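Novice: One structure, as structure tokens, below. Some questions next.
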Amino acid sequence: MEAGAASPQVDIVMKVVFAGPSLFGVEHAQAGLEFRPPVRQGDILVAIEDGATHIGIIDGVFGFAPSIWHKEILYALSKGVVVMGSSSMGALRAAECQQFGMIPIGRIANAYVSGELDDDAAVALTMAPREFGYMPFVEPLVDVWPSIEAVVAAGGVTAEEGEAIRLSAEHMYFEERTVEAMIATALPPNRFSDALKAYMQFRVSQKSLDALELLAALRAAGGEPARSSGWNFHASPFWRRASELRLTVHSRDSC
């Protein structure tokens with residue numbers, strides 16, 4: 001290169017993943033990805049400011065803190081950021097924002113896209129704080145359903161018992177839906193121990209499977225920007241105020 005000549009421009013790819021309970025206890029490679037806590041309002045803006053070119057949304061918060069705003073996702077897409085979603089909050093937002101360019105990954109997200117799933121409570125759960133790795137405290141319905149199929153197929157419970165457990169789980173408030181509670185409610189005491197053992201042995205976490213699928217898709221994604229043809233991002237007065245205030249809580253103590 002001649003003296004004084006400009007250096008060739010190098011495109012920097014930064015892939016950010018927002019995850020928590022869906023990856024609890026799951027072995028996965030972290031190389032090439034930057035992992036951040038479950039997403040909440042304002043976090044996508046911060047990621048974009050940090051230089052994110054690809055964003056994967058797996059888990060997010062709700063209730064005690066504002067959930068990730070659809071407008072943030074649209075803003076990211078309008079900037080050419082590739083945004084994928086799976087498993088939990090990511091699956092919900094991917095179904096809601098697919099027509100604008102967000103990419104649904106996995107069985108759960110695509111079930112919301114197709115209309116097979118239409119209740120966001122099916123992915124809801126409570127979790128431990130960051131210090132305990134966002135361990136899930138309860139069983140989400142999207143994991144209950146395949147788990148029951150697996151344990152019935154393996155002969156751990158009968159088809160009738162599996163149906164009773166399913167109904168028990170579906171009638172529980174999500175914060176109370178532990179594996180122990182849904183089995184104890186559905187089956188007689190003399191079947192509790194064996195049924196619980198069988199459920200845990202053959203349990204299927206669809207959330208985790210979909211999360212791993214997202215990680216693989218994110219790693220494989222090239223440097224091509226997201227396409228947002230057919231629509232324009234509208235920076236409303238409320239958006240401008242909100243983005244300037246950076247509506248996010250950086251302390252994760254309550255997560």
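Chain identifiers are assigned as A, B, and so on, following the order in which chains appear in the structure tokens; residues are numbered from 1 within each chain, and ligands are numbered from 1 in order of appearance.
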Tell me, as a list in words, which residues lie within 7 Å of Phe233 (chain A), counting only C-alpha atoms; anything in the same chain fewer than 4 positions away does not count.

Specialist: Leu74, Tyr75 and Ser78 of chain A

Novice: I'd like the neighbourhood of Ala95 (chain A) as a list of chain:residue names, where a residue qualifies if any of its atoms comes within 8 Å (using only C-alpha atoms), though same-chain residues fewer than 6 positions away should be ignored.

Specialist: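 That gives A:Pro104, A:Ala109, A:Asn110, A:Tyr112, A:Val113.
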
Novice: Could you check which of A:Ser208, A:Gln98, A:Ser236, A:Ser88 is closest to Gly60 (chain A), using only C-alpha atoms?

Specialist: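 Between A:Ser208, A:Gln98, A:Ser236, A:Ser88, the residue approaching Gly60 (chain A) most closely is A:Ser88.
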
Novice: Have a look at A:Ala153, A:Val83, A:Phe174, A:Glu161 and name the one nearest to Ile48 (chain A); count only C-alpha atoms.

Specialist: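 For Ile48 (chain A), the nearest of the candidates is A:Val83.
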
Novice: When you count only C-alpha atoms, which of these residues is closest to Ala94 (chain A): A:Pro129, A:Gly25, A:Gly222, A:Gly56?

Specialist: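 Of the candidates, the smallest distance to Ala94 (chain A) is held by A:Gly56.
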
Novice: Of the candidates A:Gly230, A:Gly133, A:Pro38, A:Gly115, which one gets nearest to Gly90 (chain A) if we count only C-alpha atoms?

Specialist: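 Under the stated criterion, the closest residue is A:Pro38.
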
Novice: Looking at only C-alpha atoms, which of A:Leu167, A:Met84, A:Val151, A:Ala186 is the one that sits closest to Val204 (chain A)?

Specialist: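 Answer, going by the shortest atom-to-atom distance: A:Val151.
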
Novice: Just to confirm, what's the straight-line distance from CA of Ile108 (chain A) to CA of Ser87 (chain A) in Å (one decimal)?

Specialist: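 Separation between CA of Ile108 (chain A) and CA of Ser87 (chain A): 5.9 Å.
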
Novice: Grab the CA of Ala31 (chain A) to CA of Ala124 (chain A) distance for me, in Å with one decimal place.

Specialist: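 Result for CA of Ala31 (chain A) versus CA of Ala124 (chain A): 28.6 Å, one decimal.
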
Novice: Considering only C-alpha atoms, return as a PyMOL selection string whatever protein or nucleic-acid residues lie within 8 Å of region 125-128 of chain A, sequence-local ones (same chain, fewer than 6 positions apart) excluded.

Specialist: chain A and resi 21+134-140+174-175+255

Novice: Would you write out those residues with C-alpha atoms, as a JSON list (two decimals), in the first residue's frame?

Specialist:
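Listing of selection_25.json after writing:
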```json
[["chain", "number", "residue", "atom", "x", "y", "z"],
["A", 21, "PRO", "CA", -33.88, -19.18, 31.51],
["A", 134, "TYR", "CA", -31.84, -17.01, 35.52],
["A", 135, "MET", "CA", -32.91, -20.48, 36.64],
["A", 136, "PRO", "CA", -36.59, -21.05, 35.76],
["A", 137, "PHE", "CA", -38.85, -21.62, 38.75],
["A", 138, "VAL", "CA", -41.86, -23.00, 36.87],
["A", 139, "GLU", "CA", -42.69, -25.05, 33.79],
["A", 140, "PRO", "CA", -43.97, -23.13, 30.72],
["A", 174, "PHE", "CA", -48.16, -19.68, 35.25],
["A", 175, "GLU", "CA", -46.44, -18.60, 38.48],
["A", 255, "CYS", "CA", -34.21, -9.65, 37.11]]
```

Novice: Using only C-alpha atoms, can you tell me which of A:Leu23, A:Ala195, A:Leu215, A:Ile73 comes closest to Glu96 (chain A)?

Specialist: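 When distances to Glu96 (chain A) are compared using only C-alpha atoms, the smallest one comes from A:Ile73.
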